[in-house]
Amino acid sequence: MTTATDKALELTPHEFAHLGDGALAYVKPINSEDVGRLFPQAPALRPGVRLFALLGADGSPITLTDSRDAALANAWEHELETVSLH
């Protein structure tokens, strides 16, 4: 016998894409060479610099910083829950 709690949650592709909007974020380490892809308005940076991007649940860029701690602090200031991606 199956119950309602045994069934998987079904989301449309649109609902899945917006899951966590405005509530969840993640920190992604990136190289300065990749900054222009996520932050097109950013000035050119010296190659080889390790940076940290705070991204929304949907991958939209929020902020760019030179330390993971600063990116996490920015998430906290905006009341965003950070999640780990593996």
# chains A, B, ... in the order shown; residues from 1 in each chain; ligands from 1

$ residues_around --residues "region 45-50 of chain A" --least-positions-apart "3" --cutoff "8 Å" --atoms "only C-alpha atoms" --output "JSON, numbers by chain"
{"A": [29, 30, 31, 32, 33, 66]}

$ residues_around --residues "Leu64 (chain A)" --least-positions-apart "3" --cutoff "12 Å" --atoms "only C-alpha atoms" --output "short mmCIF file (atom, residue, chain, number, x, y, z; two decimals) with C-alpha atoms, in the first residue's frame"
data_model
loop_
_atom_site.label_atom_id
_atom_site.label_comp_id
_atom_site.auth_asym_id
_atom_site.auth_seq_id
_atom_site.Cartn_x
_atom_site.Cartn_y
_atom_site.Cartn_z
CA TYR A 26 26.13 28.90 -2.67
CA VAL A 27 29.75 29.98 -2.78
CA LYS A 28 31.76 28.94 -5.81
CA PRO A 29 35.54 29.34 -6.07
CA ILE A 30 36.46 30.74 -9.48
CA ASN A 31 39.57 31.97 -11.26
CA SER A 32 39.85 35.56 -12.40
CA ASP A 34 36.20 33.15 -15.51
CA VAL A 35 34.86 36.32 -13.88
CA GLY A 36 33.64 37.86 -17.15
CA LEU A 38 29.47 35.34 -14.45
CA PHE A 39 30.00 39.07 -13.93
CA PRO A 40 30.16 40.71 -17.38
CA GLN A 41 30.24 44.20 -15.85
CA ALA A 42 33.42 43.44 -13.86
CA PRO A 43 36.67 45.06 -15.00
CA ARG A 50 41.51 32.88 -6.97
CA LEU A 51 38.15 34.53 -6.14
CA PHE A 52 34.82 33.49 -4.65
CA ALA A 53 31.42 34.11 -6.20
CA LEU A 54 28.21 34.08 -4.19
CA LEU A 55 25.51 32.72 -6.47
CA SER A 60 22.57 33.99 -10.78
CA PRO A 61 25.55 36.05 -9.57
CA SER A 67 37.70 35.40 0.33
CA ARG A 68 35.22 32.65 1.07
CA ASP A 69 34.49 34.19 4.48
CA ALA A 70 33.50 37.51 2.86
CA ALA A 71 31.17 35.69 0.46
CA LEU A 72 29.55 33.84 3.38
CA ALA A 73 29.22 37.11 5.34
CA ASN A 74 27.48 38.68 2.33
CA ALA A 75 25.03 35.77 2.24
#

$ closest_residue --among "A:Ala57, A:Glu10, A:Arg37, A:Ala44" --to "Thr82 (chain A)" --atoms "only C-alpha atoms"
A:Ala57

$ select_by_dssp --residues "region 33-69 of chain A" --states "strand (DSSP E or B)" --output "JSON, numbers by chain"
{"A": [50, 51, 52, 53, 54, 55, 56, 61, 62, 63, 64, 65]}
